[in-house]
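Structure file query_36.txt; described as compact mmCIF, C-alpha atoms and all ligand atoms.
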```txt
# COMPACT_ATOMS: atom_id res chain seq x y z
CA MET A 24 46.86 -44.77 -99.61
CA ASN A 25 49.48 -45.65 -97.00
CA LEU A 26 48.24 -43.62 -94.04
CA ILE A 27 51.09 -44.66 -91.74
CA GLU A 28 53.61 -43.28 -94.23
CA LEU A 29 51.56 -40.11 -94.84
CA ASN A 30 51.30 -39.52 -91.11
CA LYS A 31 55.07 -39.95 -90.65
CA ILE A 32 55.71 -37.29 -93.28
CA ALA A 33 53.05 -34.92 -91.89
CA VAL A 34 54.67 -35.21 -88.44
CA ALA A 35 58.20 -34.76 -89.81
CA MET A 36 57.15 -31.57 -91.62
CA ALA A 37 56.67 -29.85 -88.25
CA ALA A 38 59.34 -31.68 -86.22
CA PRO A 39 60.51 -29.61 -83.22
CA GLY A 40 62.96 -26.93 -84.36
CA LYS A 41 62.02 -27.28 -88.01
CA GLY A 42 59.60 -25.86 -90.58
CA ILE A 43 59.08 -25.48 -94.29
CA LEU A 44 60.71 -23.22 -96.84
CA ALA A 45 58.10 -22.10 -99.37
CA ALA A 46 60.18 -21.65 -102.53
CA ASP A 47 57.32 -22.32 -104.93
CA GLU A 48 56.80 -18.85 -106.36
CA SER A 49 55.04 -19.08 -109.71
CA SER A 50 56.78 -17.54 -112.74
CA GLY A 51 54.85 -14.30 -112.21
CA THR A 52 55.62 -14.04 -108.50
CA ILE A 53 59.34 -14.81 -108.78
CA LYS A 54 59.56 -12.17 -111.51
CA LYS A 55 58.10 -9.61 -109.09
CA ARG A 56 60.62 -10.66 -106.42
CA PHE A 57 63.52 -10.40 -108.89
CA ASP A 58 62.24 -7.05 -110.18
CA SER A 59 62.56 -5.73 -106.62
CA ILE A 60 66.32 -6.43 -106.67
CA GLY A 61 66.86 -5.54 -110.33
CA VAL A 62 67.54 -9.09 -111.50
CA GLU A 63 66.12 -10.51 -114.71
CA SER A 64 63.91 -13.57 -114.19
CA THR A 65 65.65 -16.07 -116.47
CA GLU A 66 65.63 -19.82 -115.98
CA ASP A 67 69.32 -19.73 -114.99
CA ASN A 68 68.88 -16.90 -112.49
CA ARG A 69 65.93 -18.67 -110.88
CA ARG A 70 68.04 -21.83 -110.68
CA ASP A 71 71.06 -20.02 -109.24
CA TYR A 72 68.96 -18.29 -106.59
CA ARG A 73 67.16 -21.42 -105.45
CA GLU A 74 70.30 -23.56 -105.63
CA MET A 75 71.96 -21.05 -103.33
CA LEU A 76 69.17 -21.52 -100.77
CA PHE A 77 69.16 -25.32 -101.00
CA ARG A 78 72.96 -25.37 -100.56
CA THR A 79 72.76 -23.41 -97.30
CA ASP A 80 73.76 -26.47 -95.35
CA GLU A 81 73.29 -25.21 -91.81
CA ALA A 82 69.74 -23.95 -92.46
CA MET A 83 68.67 -26.95 -94.49
CA ARG A 84 70.00 -29.55 -92.06
CA GLU A 85 68.98 -27.92 -88.82
CA SER A 86 65.87 -25.84 -89.46
CA ILE A 87 64.18 -26.80 -92.74
CA SER A 88 62.03 -29.95 -92.72
CA GLY A 89 60.80 -29.58 -96.30
CA VAL A 90 60.86 -27.32 -99.35
CA ILE A 91 57.88 -26.46 -101.55
CA LEU A 92 58.96 -26.31 -105.19
CA PHE A 93 57.41 -24.96 -108.38
CA ASP A 94 56.98 -27.22 -111.42
CA GLU A 95 60.08 -25.77 -113.12
CA THR A 96 62.28 -26.27 -110.06
CA ILE A 97 61.39 -29.90 -109.37
CA ARG A 98 62.72 -30.68 -112.86
CA GLN A 99 65.83 -28.45 -112.67
CA ASN A 100 69.46 -29.40 -112.11
CA ALA A 101 72.05 -27.47 -110.13
CA ALA A 102 74.91 -25.84 -112.05
CA ASP A 103 76.99 -29.03 -111.57
CA GLY A 104 74.19 -31.24 -112.94
CA THR A 105 72.84 -32.55 -109.59
CA PRO A 106 69.03 -32.46 -109.53
CA LEU A 107 67.84 -29.73 -107.14
CA VAL A 108 65.55 -32.34 -105.55
CA GLN A 109 68.66 -34.37 -104.72
CA LEU A 110 70.27 -31.40 -102.95
CA ILE A 111 67.19 -31.12 -100.76
CA LYS A 112 67.13 -34.83 -99.97
CA ASP A 113 70.88 -34.89 -99.27
CA ALA A 114 70.33 -32.22 -96.62
CA GLY A 115 67.75 -34.48 -94.94
CA SER A 116 64.83 -32.33 -96.04
CA ILE A 117 61.65 -33.41 -97.86
CA PRO A 118 60.79 -32.15 -101.36
CA GLY A 119 57.24 -30.87 -101.92
CA ILE A 120 55.39 -29.35 -104.86
CA LYS A 121 52.86 -26.60 -105.49
CA VAL A 122 50.15 -28.17 -107.64
CA ASP A 123 47.45 -25.52 -107.89
CA LYS A 124 47.26 -23.37 -111.00
CA GLY A 125 46.59 -20.12 -109.19
CA ALA A 126 43.61 -18.11 -107.97
CA LYS A 127 41.31 -16.96 -110.81
CA ASP A 128 38.26 -14.69 -110.82
CA LEU A 129 35.25 -16.47 -109.34
CA ALA A 130 32.33 -16.29 -111.78
CA GLY A 131 29.51 -14.09 -110.55
CA ALA A 132 31.44 -12.85 -107.51
CA PRO A 133 33.25 -9.57 -108.24
CA GLY A 134 36.48 -9.22 -106.29
CA GLU A 135 36.64 -12.88 -105.25
CA LYS A 136 38.82 -15.75 -106.41
CA VAL A 137 38.69 -19.50 -106.73
CA THR A 138 41.79 -21.63 -107.13
CA GLU A 139 42.03 -23.76 -110.25
CA GLY A 140 44.07 -26.86 -111.09
CA LEU A 141 41.95 -29.98 -110.52
CA ASP A 142 41.81 -31.12 -114.15
CA GLY A 143 44.54 -33.68 -114.78
CA LEU A 144 45.71 -33.44 -111.17
CA ARG A 145 45.72 -37.22 -110.58
CA GLU A 146 48.22 -37.74 -113.41
CA ARG A 147 50.36 -34.77 -112.37
CA LEU A 148 50.53 -36.05 -108.77
CA ASN A 149 51.71 -39.46 -109.94
CA GLU A 150 54.46 -37.80 -111.96
CA TYR A 151 55.48 -35.54 -109.06
CA TYR A 152 55.74 -38.59 -106.80
CA GLU A 153 58.12 -40.17 -109.30
CA LEU A 154 60.13 -36.92 -109.32
CA GLY A 155 60.49 -37.14 -105.52
CA ALA A 156 57.66 -35.03 -104.06
CA ARG A 157 56.24 -36.38 -100.83
CA PHE A 158 53.92 -33.48 -100.05
CA ALA A 159 52.00 -30.92 -102.08
CA LYS A 160 50.46 -27.49 -101.65
CA TRP A 161 47.21 -25.87 -102.83
CA ARG A 162 46.47 -22.29 -101.85
CA ALA A 163 42.97 -20.81 -101.71
CA VAL A 164 42.70 -17.04 -101.35
CA ILE A 165 39.98 -15.40 -99.26
CA ASP A 166 39.99 -11.63 -99.62
CA ILE A 167 38.10 -9.75 -96.89
CA ASN A 168 39.12 -6.28 -98.02
CA GLY A 169 35.82 -4.97 -99.39
CA ALA A 170 32.12 -4.58 -98.68
CA ASP A 171 30.14 -7.84 -98.59
CA ILE A 172 33.12 -10.11 -99.04
CA PRO A 173 33.90 -12.88 -98.48
CA SER A 174 30.72 -14.52 -99.71
CA GLY A 175 29.64 -17.96 -98.52
CA TYR A 176 29.87 -18.97 -102.19
CA CYS A 177 33.58 -18.06 -102.34
CA ILE A 178 34.42 -20.02 -99.21
CA ALA A 179 32.30 -23.03 -100.22
CA THR A 180 33.83 -23.33 -103.71
CA ASN A 181 37.37 -22.92 -102.39
CA VAL A 182 37.10 -25.48 -99.59
CA HIS A 183 35.40 -27.91 -101.96
CA ALA A 184 38.37 -27.65 -104.33
CA LEU A 185 40.84 -27.95 -101.42
CA ALA A 186 39.18 -31.19 -100.31
CA ARG A 187 39.13 -32.63 -103.85
CA TYR A 188 42.83 -31.83 -104.16
CA ALA A 189 43.60 -33.35 -100.74
CA ALA A 190 41.78 -36.59 -101.53
CA LEU A 191 43.70 -36.96 -104.81
CA CYS A 192 47.01 -36.30 -103.01
CA GLN A 193 46.38 -39.01 -100.45
CA GLU A 194 45.43 -41.47 -103.19
CA ALA A 195 48.88 -40.75 -104.70
CA ASN A 196 50.61 -41.15 -101.28
CA ILE A 197 51.42 -37.45 -101.15
CA VAL A 198 50.66 -35.41 -98.01
CA PRO A 199 48.37 -32.49 -98.89
CA ILE A 200 49.10 -29.09 -97.40
CA VAL A 201 45.70 -27.40 -97.38
CA GLU A 202 46.12 -23.63 -97.43
CA PRO A 203 43.03 -21.44 -97.04
CA GLU A 204 44.63 -18.00 -96.79
CA VAL A 205 42.50 -15.20 -95.35
CA LEU A 206 44.44 -12.20 -96.65
CA MET A 207 45.76 -9.48 -94.34
CA ASP A 208 45.24 -6.77 -97.00
CA GLY A 209 42.96 -4.01 -95.73
CA ASP A 210 42.19 -1.98 -92.63
CA HIS A 211 40.04 -4.55 -90.79
CA ASP A 212 40.63 -5.28 -87.12
CA ILE A 213 41.81 -8.57 -85.69
CA ASP A 214 38.31 -9.68 -84.67
CA ARG A 215 37.13 -9.51 -88.27
CA CYS A 216 40.06 -11.75 -89.23
CA TYR A 217 39.12 -14.08 -86.35
CA ASP A 218 35.51 -14.46 -87.53
CA VAL A 219 36.36 -15.13 -91.17
CA THR A 220 39.24 -17.48 -90.29
CA GLU A 221 37.04 -19.49 -87.91
CA PHE A 222 34.25 -19.80 -90.50
CA THR A 223 36.71 -20.74 -93.24
CA LEU A 224 38.45 -23.40 -91.14
CA LYS A 225 35.17 -24.93 -89.96
CA SER A 226 33.94 -25.05 -93.57
CA LEU A 227 37.23 -26.62 -94.67
CA PHE A 228 37.20 -29.39 -92.07
CA ASP A 229 33.52 -30.17 -92.83
CA GLU A 230 34.45 -30.59 -96.48
CA LEU A 231 37.56 -32.68 -95.75
CA TYR A 232 35.34 -34.99 -93.67
CA ALA A 233 32.68 -35.14 -96.41
CA GLN A 234 35.33 -36.15 -98.96
CA ASP A 235 36.95 -38.75 -96.70
CA VAL A 236 40.32 -37.05 -96.34
CA ALA A 237 42.37 -38.56 -93.47
CA LEU A 238 43.42 -35.71 -91.21
CA GLU A 239 46.27 -37.81 -89.78
CA GLY A 240 47.94 -37.51 -93.18
CA THR A 241 47.15 -33.84 -93.82
CA VAL A 242 48.92 -30.56 -92.94
CA LEU A 243 47.11 -27.23 -92.51
CA LYS A 244 48.76 -24.02 -93.72
CA PRO A 245 46.70 -21.13 -92.35
CA ASN A 246 47.02 -17.41 -91.85
CA MET A 247 47.46 -16.18 -88.31
CA VAL A 248 44.57 -14.30 -86.72
CA ILE A 249 45.95 -10.83 -87.19
CA SER A 250 44.94 -7.19 -87.87
CA GLY A 251 44.75 -5.93 -91.45
CA LYS A 252 47.98 -4.41 -92.75
CA LYS A 253 46.43 -0.96 -92.81
CA SER A 254 44.48 -1.27 -89.57
CA GLU A 255 44.90 1.78 -87.34
CA ASN A 256 45.35 -0.17 -84.12
CA ARG A 257 47.20 -3.31 -85.03
CA ALA A 258 47.01 -6.00 -82.34
CA GLY A 259 50.27 -6.78 -80.53
CA VAL A 260 52.13 -10.08 -80.33
CA SER A 261 50.35 -11.55 -77.31
CA GLU A 262 46.88 -10.73 -78.69
CA VAL A 263 47.73 -12.35 -82.04
CA ALA A 264 49.02 -15.46 -80.24
CA GLU A 265 46.01 -15.69 -77.92
CA LYS A 266 43.39 -15.19 -80.63
CA THR A 267 45.05 -17.47 -83.16
CA VAL A 268 45.29 -20.33 -80.66
CA ARG A 269 41.70 -19.74 -79.48
CA CYS A 270 40.40 -19.75 -83.05
CA PHE A 271 42.24 -22.96 -83.94
CA ARG A 272 41.14 -24.72 -80.76
CA ALA A 273 37.56 -23.98 -81.84
CA ALA A 274 37.97 -25.04 -85.46
CA VAL A 275 40.85 -27.49 -86.02
CA PRO A 276 40.40 -31.17 -85.07
CA ALA A 277 43.03 -32.79 -82.84
CA ALA A 278 43.60 -35.62 -85.35
CA LEU A 279 45.57 -33.21 -87.55
CA PRO A 280 49.28 -33.57 -86.66
CA SER A 281 50.79 -30.35 -87.98
CA ILE A 282 49.94 -26.71 -88.61
CA VAL A 283 52.46 -24.62 -90.56
CA PHE A 284 51.76 -20.92 -90.93
CA LEU A 285 52.18 -18.75 -94.00
CA SER A 286 53.77 -15.37 -93.36
CA GLY A 287 51.34 -13.48 -95.62
CA GLY A 288 53.10 -10.13 -95.69
CA GLN A 289 54.12 -9.87 -92.01
CA SER A 290 57.59 -8.50 -91.42
CA ASP A 291 60.30 -11.11 -90.84
CA GLU A 292 60.48 -10.47 -87.13
CA GLU A 293 56.72 -10.24 -86.65
CA ALA A 294 56.26 -13.66 -88.25
CA THR A 295 58.89 -15.12 -85.91
CA ALA A 296 57.65 -13.37 -82.77
CA HIS A 297 54.04 -14.45 -83.32
CA LEU A 298 54.95 -18.10 -83.84
CA ASN A 299 57.24 -18.02 -80.85
CA ALA A 300 54.58 -16.53 -78.56
CA MET A 301 52.09 -19.24 -79.47
CA ASN A 302 54.56 -22.02 -78.74
CA ALA A 303 55.99 -20.36 -75.62
CA GLU A 304 52.63 -19.58 -74.01
CA TYR A 305 50.18 -22.21 -75.25
CA ALA A 306 52.13 -25.43 -75.99
CA ASP A 307 50.16 -27.37 -73.37
CA LYS A 308 46.84 -26.25 -74.87
CA MET A 309 47.52 -27.38 -78.43
CA PRO A 310 47.12 -30.96 -79.75
CA TRP A 311 49.01 -30.13 -82.97
CA ALA A 312 52.60 -29.08 -83.64
CA LEU A 313 52.76 -25.41 -84.67
CA SER A 314 55.47 -24.43 -87.13
CA PHE A 315 56.15 -22.31 -90.21
CA SER A 316 55.94 -22.60 -93.99
CA TYR A 317 57.21 -19.16 -94.85
CA GLY A 318 57.98 -17.71 -98.24
CA ARG A 319 58.65 -14.03 -97.85
CA ALA A 320 59.56 -14.15 -94.13
CA LEU A 321 62.40 -16.59 -94.92
CA GLN A 322 63.47 -15.23 -98.28
CA ALA A 323 63.21 -11.43 -98.12
CA ALA A 324 66.56 -11.06 -96.32
CA PRO A 325 68.60 -13.48 -98.48
CA LEU A 326 67.02 -12.15 -101.68
CA GLN A 327 68.05 -8.62 -100.77
CA ALA A 328 71.53 -9.69 -99.67
CA TRP A 329 72.08 -11.68 -102.89
CA SER A 330 70.82 -9.10 -105.40
CA GLY A 331 71.91 -11.42 -108.22
CA LYS A 332 75.66 -11.09 -107.56
CA PRO A 333 77.84 -14.21 -107.14
CA GLU A 334 80.09 -12.35 -104.68
CA ASN A 335 77.08 -11.95 -102.35
CA VAL A 336 76.26 -15.66 -102.07
CA ALA A 337 77.90 -16.14 -98.67
CA ALA A 338 76.12 -13.11 -97.18
CA ALA A 339 72.79 -14.25 -98.63
CA GLN A 340 73.26 -17.76 -97.25
CA ALA A 341 74.10 -16.29 -93.84
CA ALA A 342 70.90 -14.21 -93.97
CA PHE A 343 68.84 -17.27 -94.87
CA ALA A 344 70.52 -19.37 -92.15
CA HIS A 345 69.74 -16.69 -89.59
CA ARG A 346 66.01 -16.45 -90.44
CA ALA A 347 65.72 -20.24 -90.59
CA LYS A 348 67.37 -20.54 -87.18
CA MET A 349 65.20 -17.83 -85.60
CA ASN A 350 62.03 -19.49 -86.90
CA GLY A 351 63.31 -22.90 -85.82
CA LEU A 352 63.69 -21.53 -82.29
CA ALA A 353 60.15 -20.12 -82.50
CA THR A 354 58.74 -23.62 -83.05
CA THR A 355 59.79 -24.49 -79.51
CA GLY A 356 59.16 -21.09 -77.94
CA GLU A 357 62.88 -20.49 -77.44
CA TRP A 358 63.29 -17.43 -79.65
CA SER A 359 63.91 -14.05 -78.06
CA ASP A 360 64.51 -10.53 -79.20
CA GLY A 361 67.97 -10.77 -77.67
CA LEU A 362 68.88 -13.80 -79.81
CA GLU A 363 67.55 -11.99 -82.88
CA LYS A 364 69.82 -9.00 -82.30
CA ALA A 365 72.86 -11.00 -81.12
CA ALA A 366 73.35 -12.52 -84.56
P1 LIG A 401 54.36 -16.26 -97.61
O1 LIG A 401 54.98 -16.82 -96.36
O2 LIG A 401 55.22 -15.28 -98.33
O3 LIG A 401 52.95 -15.77 -97.35
O4 LIG A 401 54.23 -17.46 -98.65
C1 LIG A 401 53.86 -18.69 -98.20
C2 LIG A 401 53.18 -19.43 -99.27
O5 LIG A 401 53.62 -20.48 -99.67
C3 LIG A 401 51.93 -18.88 -99.81
O6 LIG A 401 51.26 -19.85 -100.56
```

Now that the file is in, can you turn its structure into structure tokens?
Ligand code: 13P
Amino acid sequence: MNLIELNKIAVAMAAPGKGILAADESSGTIKKRFDSIGVESTEDNRRDYREMLFRTDEAMRESISGVILFDETIRQNAADGTPLVQLIKDAGSIPGIKVDKGAKDLAGAPGEKVTEGLDGLRERLNEYYELGARFAKWRAVIDINGADIPSGYCIATNVHALARYAALCQEANIVPIVEPEVLMDGDHDIDRCYDVTEFTLKSLFDELYAQDVALEGTVLKPNMVISGKKSENRAGVSEVAEKTVRCFRAAVPAALPSIVFLSGGQSDEEATAHLNAMNAEYADKMPWALSFSYGRALQAAPLQAWSGKPENVAAAQAAFAHRAKMNGLATTGEWSDGLEKAA
């Protein structure tokens, strides 16, 4: 493990003004996204869509530090034969790869999941490094929408797997993004999300320590502390910012360089406003850089604008560039509602 190199990458992933594009939808998820715009999920369509994003020069150069890819995409070429990984590198951005095999039913725990993918991971990581990946992602899913969940068993098995994955990544000189996502599905209030997120993060960092993972070469991808989607009184922007920062200060060690949020089903503007408020109001209270690793909150607008039609490429790229720019501004607390509307 070259910790100096890993640390450089982990820092670059949340450089001021920049964050990550999560474009690693599995075959099932990208099909759902394409279904929503009436486009068939063929290999060529997936390539065309992602190539369009990676060729959005302004966004990629100015606001996107890295791109998380799916196994198919890291091996794919653009229409003109250039490897998609090369397009990303040419724009000064870092290629990354989703390496988990998805969340599966957790035995003996109805309604709960554990993420699989450890078998053969060492060999896959070595191959991904050769293909150009310098960071990886593994997502654990913690559902809190139900009686008696999450169980301690669900959290313990998921953080154990996250730490095993992270240790293997570092051995392969790949920065692990550890993603323990507490879902926002349900009608719970923000304090319930706070409690489960704090417990999950503390359990995760205990396990990373136990398995000798170097935090200096690790990136955390968490949920924000936020009300459930169906909560009757959803907390406002300043409460989300205050409680998220308070929770992380209690649970996330200062040795970790970078935190990049998932968007998790927030609206585009919510995801931007929350990140902005944290950086605008609490920058001097946080030892880590706070940025984004959004999937839906970066892609919903361009996906809709594109709708599978070549004549819409420019409009879709403009939509992507706008969201990337707004989120880039949020990493330094410089976003405002006025800038959002002025575009
Ligand atoms: P969302 O931002 O759409 O939640 O996706 C981010 C991600 O990569 C989830 O693993």

Distance criterion (all atoms listed in the file): nearest to ligand LIG 401 (chain A) out of A:Glu48, A:Glu66, A:Asp171, A:Asp58 | A:Glu48

Residues near region 181-196 of chain A, cut-off 9 Å, all atoms listed in the file, skip fewer than 6 positions along chain, as a PyMOL selection string | chain A and resi 24-26+28-29+122-123+136-141+144-145+148-149+152+157-159+161-165+202-203+223-224+226-237+240-241

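Using only C-alpha atoms and all ligand atoms, residues with at least one atom at most 6 Å away from any atom of ligand LIG 401 (chain A) are A:Ala45, A:Arg162, A:Leu285, A:Ser286, A:Gly287, A:Gly288, A:Tyr317, A:Gly318, A:Arg319, A:Ala320.
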
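Among the candidate residues A:Trp329, A:Trp358, A:Phe271, A:Phe315, the one lying nearest to Phe343 (chain A) is A:Trp329, with distances computed using only C-alpha atoms.
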
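Computed from the coordinates, the CA of Gly89 (chain A) to CA of Gly42 (chain A) distance equals 6.9 Å.
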
Which one is closest to Ala114 (chain A): A:Met309, A:Ala300, A:Ala324, A:Val90? Count all atoms listed in the file.
-> A:Val90
